[in-house]
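Down below is the structure, laid out as structure tokens.
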Amino acid sequence: MLERAKNNLSQILNALGPQIDAGLPIVVLEPSCASVFRDELHNLFPSNERATKLRSQTFLLSEFLQNYAPDYRPPKLSTKVLLHGHCHQKALMKMNHEEALLRSLGAEVQSPDSGCCGMAGPFGFQKDKFEVSQAVAERVLLPAVRNAAQGTLIVADGFSCREQVLQGTGKPAIHLAEVLKMALRRKDSSEAK
């Protein structure tokens with residue numbers, strides 16, 4: 001399995017080679033994918049120059065907008081947001097960029113210390129792990145989602161996190177990119193009036 005991963009990552013390094021060599025930022029939406037480029041890839045190819053470059057050129061959307069798009073001014077979206085951070089995001093990239101970006105929209109952001117959502121990729125789908133997955137999610141995250149005021153946006157960048165929230169509460173969680181799209185649509189519709 002490790003050789004298969006290395007082969008796949010070699011193909012990615014070759015496919016992105018011109019962009020990596022040019023120093024272009026690679027903006028990644030899924031935190032676990034960003035962590036592959038920023039952590040695992042370098043561990044698997046410690047002496048590969050492209051792996052090292054890709055590590056420093058990989059950004060989450062919030063990081064890129066906050067640090068490398070100084071003129072970006074998001075449209076306003078005054079709303080309540082319950083923000084859940086993906087484990088990889090919290091461990092490797094932190095949540096401060098995402099929180100700051102949401103606040104710059106005008107959102108009232110609540111970031112409970114919910115730890116892991118409990119899904120952890122396929123972990124929560126495994127029959128023998130399901131109870132553990134649910135117990136982890138029920139520690140803080142799912143009760144916080146259930147108790148969130150009506151109209152609160154549940155924001156989670158991790159696919160598995162969003163799936164756990166939906167399955168455990170029936171409430172959809174959305175990605176930061178969807179929040180930004182929502183803000184743009186509201187801006188466009190208010191300007192059209």
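Residue numbers start at 1 in each chain; chains themselves are named A, B, ... in the order of the structure tokens; ligands are numbered from 1 in the order shown.
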
For the contact check between region 27-90 of chain A and region 2-8 of chain A, emit one row per residue of region 27-90 of chain A within 12 Å, containing the shortest atom pair and the distance in Å rounded to one decimal, counting only C-alpha atoms, chain then rising number order, as CSV.
```
residue,atom,partner,partner_atom,distance
A:Val36,CA,A:Ala5,CA,10.5
A:Glu40,CA,A:Lys6,CA,10.0
A:Leu41,CA,A:Lys6,CA,8.3
A:His42,CA,A:Lys6,CA,10.9
A:Asn43,CA,A:Lys6,CA,10.6
A:Leu44,CA,A:Lys6,CA,7.1
A:Phe45,CA,A:Lys6,CA,8.5
A:Ala51,CA,A:Lys6,CA,11.6
```

Using the chain letters and numbers from this document, which residues of region 44-131 of chain A does DSSP assign to helix (DSSP H, G or I), as a PyMOL selection string?
chain A and resi 44+49-57+61-68+87-93+96-105+123-125+127-131

Quick one: residues within 10 Å of region 91-93 of chain A, only C-alpha atoms, excluding same-chain residues fewer than 5 positions away - as a list in words?
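Selected residues are Pro31, Ser32, Ala34, Ser35, Arg38, Asp39, Phe59, Leu60, Glu63, Gly85 and His86 of chain A.
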
Just write the chosen residues, N, CA and C atoms, as a short mmCIF file (atom, residue, chain, number, x, y, z; two decimals), in the first residue's frame.
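Writing done, so here's part36.cif:
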```cif
data_model
loop_
_atom_site.label_atom_id
_atom_site.label_comp_id
_atom_site.auth_asym_id
_atom_site.auth_seq_id
_atom_site.Cartn_x
_atom_site.Cartn_y
_atom_site.Cartn_z
N PRO A 31 -8.67 19.72 3.81
CA PRO A 31 -7.52 19.74 4.72
C PRO A 31 -6.68 18.47 4.71
N SER A 32 -7.30 17.31 4.57
CA SER A 32 -6.50 16.08 4.57
C SER A 32 -5.61 16.01 3.33
N ALA A 34 -4.36 18.72 1.79
CA ALA A 34 -3.29 19.68 2.06
C ALA A 34 -2.24 19.06 2.97
N SER A 35 -2.68 18.28 3.94
CA SER A 35 -1.71 17.67 4.86
C SER A 35 -0.83 16.64 4.16
N ARG A 38 1.80 18.76 2.58
CA ARG A 38 2.64 19.50 3.53
C ARG A 38 3.36 18.62 4.53
N ASP A 39 2.93 17.38 4.65
CA ASP A 39 3.53 16.51 5.66
C ASP A 39 3.95 15.16 5.08
N PHE A 59 -1.50 25.64 0.17
CA PHE A 59 -2.27 26.45 1.10
C PHE A 59 -3.73 26.02 1.10
N LEU A 60 -4.35 26.12 2.25
CA LEU A 60 -5.81 26.04 2.30
C LEU A 60 -6.35 27.36 1.76
N GLU A 63 -6.00 30.26 4.22
CA GLU A 63 -4.61 30.70 4.36
C GLU A 63 -4.19 31.57 3.17
N GLY A 85 -13.19 22.48 12.96
CA GLY A 85 -11.93 22.27 12.25
C GLY A 85 -11.60 20.80 12.06
N HIS A 86 -11.18 20.47 10.87
CA HIS A 86 -10.71 19.12 10.55
C HIS A 86 -9.45 18.84 11.37
#
```

Of the listed residues A:Ala183, A:Leu176, A:Val165, A:Leu77, that which approaches Ala144 (chain A) most closely, counting only C-alpha atoms
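Smallest distance to Ala144 (chain A) is found for A:Val165.
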
Near region 120-134 of chain A, within 12 Å and counting only C-alpha atoms, which residues show up once chain neighbours fewer than 2 positions away are dropped, as a PyMOL selection string?
chain A and resi 30-33+86-88+115-118+136-143+158-165+167-169

If we count only C-alpha atoms, what is near Ala177 (chain A) at a cut-off of 8 Å, once residues fewer than 4 positions away on the same chain are taken out, given as a PyMOL selection string?
chain A and resi 29+61+181

Store the residues picked out above in a file with all heavy atoms, as an mmCIF file, in the first residue's frame.
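selection14.cif written:
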```
data_model
loop_
_atom_site.group_PDB
_atom_site.id
_atom_site.type_symbol
_atom_site.label_atom_id
_atom_site.label_comp_id
_atom_site.auth_asym_id
_atom_site.auth_seq_id
_atom_site.Cartn_x
_atom_site.Cartn_y
_atom_site.Cartn_z
ATOM 1 N N LEU A 29 -8.651 22.605 -1.141
ATOM 2 C CA LEU A 29 -9.868 22.798 -0.358
ATOM 3 C C LEU A 29 -10.024 21.791 0.779
ATOM 4 O O LEU A 29 -10.581 22.111 1.817
ATOM 5 C CB LEU A 29 -11.100 22.753 -1.263
ATOM 6 C CG LEU A 29 -11.181 23.848 -2.317
ATOM 7 C CD1 LEU A 29 -12.433 23.681 -3.173
ATOM 8 C CD2 LEU A 29 -11.136 25.226 -1.696
ATOM 9 N N LEU A 61 -7.593 27.362 1.332
ATOM 10 C CA LEU A 61 -8.207 28.557 0.774
ATOM 11 C C LEU A 61 -8.115 29.737 1.745
ATOM 12 O O LEU A 61 -7.734 30.845 1.353
ATOM 13 C CB LEU A 61 -9.667 28.276 0.414
ATOM 14 C CG LEU A 61 -10.474 29.436 -0.143
ATOM 15 C CD1 LEU A 61 -9.875 29.960 -1.441
ATOM 16 C CD2 LEU A 61 -11.924 29.003 -0.345
ATOM 17 N N LYS A 181 -19.159 31.788 -1.518
ATOM 18 C CA LYS A 181 -20.074 31.828 -2.659
ATOM 19 C C LYS A 181 -21.424 32.402 -2.234
ATOM 20 O O LYS A 181 -22.019 33.218 -2.947
ATOM 21 C CB LYS A 181 -20.237 30.419 -3.243
ATOM 22 C CG LYS A 181 -21.141 30.345 -4.445
ATOM 23 C CD LYS A 181 -21.229 28.919 -4.954
ATOM 24 C CE LYS A 181 -22.178 28.804 -6.120
ATOM 25 N NZ LYS A 181 -22.297 27.411 -6.578
#
```

Contacts of region 97-101 of chain A at 7 Å (only C-alpha atoms; same-chain gap of 3+ positions) as a PyMOL selection string
chain A and resi 62-63+66+104-105+109

As number ranges by chain, please: every residue in region 82-167 of chain A that DSSP puts in strand (DSSP E or B).
A: 82-84, 108-110, 153-156

Write out as an mmCIF file with N, CA, C and O atoms, in the first residue's frame the residues lying within 12 Å of Glu178 (chain A), counting only C-alpha atoms and excluding same-chain residues fewer than 5 positions away.
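out_23.cif, written as the output of this step:
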```
data_model
loop_
_atom_site.group_PDB
_atom_site.id
_atom_site.type_symbol
_atom_site.label_atom_id
_atom_site.label_comp_id
_atom_site.auth_asym_id
_atom_site.auth_seq_id
_atom_site.Cartn_x
_atom_site.Cartn_y
_atom_site.Cartn_z
ATOM 1 N N LEU A 29 -8.651 22.605 -1.141
ATOM 2 C CA LEU A 29 -9.868 22.798 -0.358
ATOM 3 C C LEU A 29 -10.024 21.791 0.779
ATOM 4 O O LEU A 29 -10.581 22.111 1.817
ATOM 5 N N LEU A 61 -7.593 27.362 1.332
ATOM 6 C CA LEU A 61 -8.207 28.557 0.774
ATOM 7 C C LEU A 61 -8.115 29.737 1.745
ATOM 8 O O LEU A 61 -7.734 30.845 1.353
ATOM 9 N N LEU A 102 -13.764 34.387 8.216
ATOM 10 C CA LEU A 102 -15.200 34.387 8.506
ATOM 11 C C LEU A 102 -15.605 35.657 9.258
ATOM 12 O O LEU A 102 -16.646 36.254 8.967
ATOM 13 N N LEU A 153 -24.933 28.795 10.301
ATOM 14 C CA LEU A 153 -24.231 27.991 9.296
ATOM 15 C C LEU A 153 -23.253 27.070 10.008
ATOM 16 O O LEU A 153 -22.481 27.512 10.850
ATOM 17 N N ILE A 154 -23.305 25.808 9.675
ATOM 18 C CA ILE A 154 -22.351 24.833 10.189
ATOM 19 C C ILE A 154 -21.259 24.734 9.132
ATOM 20 O O ILE A 154 -21.523 24.331 7.994
ATOM 21 N N VAL A 155 -20.036 25.116 9.483
ATOM 22 C CA VAL A 155 -18.943 25.156 8.525
ATOM 23 C C VAL A 155 -17.877 24.148 8.944
ATOM 24 O O VAL A 155 -17.396 24.169 10.076
ATOM 25 N N ALA A 156 -17.548 23.272 8.012
ATOM 26 C CA ALA A 156 -16.509 22.261 8.227
ATOM 27 C C ALA A 156 -15.874 21.987 6.871
ATOM 28 O O ALA A 156 -16.560 21.611 5.931
ATOM 29 N N ASP A 157 -14.581 22.199 6.765
ATOM 30 C CA ASP A 157 -13.903 22.017 5.480
ATOM 31 C C ASP A 157 -13.648 20.555 5.143
ATOM 32 O O ASP A 157 -13.480 20.212 3.978
ATOM 33 N N PRO A 172 -27.047 19.871 7.334
ATOM 34 C CA PRO A 172 -25.894 19.912 6.431
ATOM 35 C C PRO A 172 -24.835 20.894 6.929
ATOM 36 O O PRO A 172 -25.147 21.960 7.451
ATOM 37 N N ALA A 173 -23.597 20.506 6.774
ATOM 38 C CA ALA A 173 -22.471 21.401 7.028
ATOM 39 C C ALA A 173 -21.927 21.797 5.662
ATOM 40 O O ALA A 173 -22.022 21.032 4.700
ATOM 41 N N ALA A 183 -21.995 34.477 0.198
ATOM 42 C CA ALA A 183 -21.816 35.912 0.431
ATOM 43 C C ALA A 183 -21.800 36.672 -0.899
ATOM 44 O O ALA A 183 -22.396 37.748 -1.012
ATOM 45 N N LEU A 184 -21.129 36.128 -1.905
ATOM 46 C CA LEU A 184 -21.098 36.771 -3.219
ATOM 47 C C LEU A 184 -22.481 36.838 -3.855
ATOM 48 O O LEU A 184 -22.854 37.854 -4.443
ATOM 49 N N ARG A 185 -23.234 35.756 -3.719
ATOM 50 C CA ARG A 185 -24.596 35.747 -4.282
ATOM 51 C C ARG A 185 -25.482 36.785 -3.607
ATOM 52 O O ARG A 185 -26.260 37.463 -4.268
#
```

From the list A:Val81, A:Val27, A:Arg50, A:Met119, which residue is nearest Leu65 (chain A) when using only C-alpha atoms?
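So, comparing all the options, the nearest one is A:Val27.
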
Residue among A:Leu82, A:Leu54, A:Met182, A:Ala22 lying closest to Gly151 (chain A), counting only C-alpha atoms:
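Once distances to Gly151 (chain A) are computed over only C-alpha atoms, the minimum belongs to A:Leu82.
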
For a quick check of understanding, using only C-alpha atoms, which of A:Ala107, A:Ala135, A:Leu9, A:Leu16 has the smallest distance to Val179 (chain A)?
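The answer is A:Ala107, which sits nearest to Val179 (chain A).
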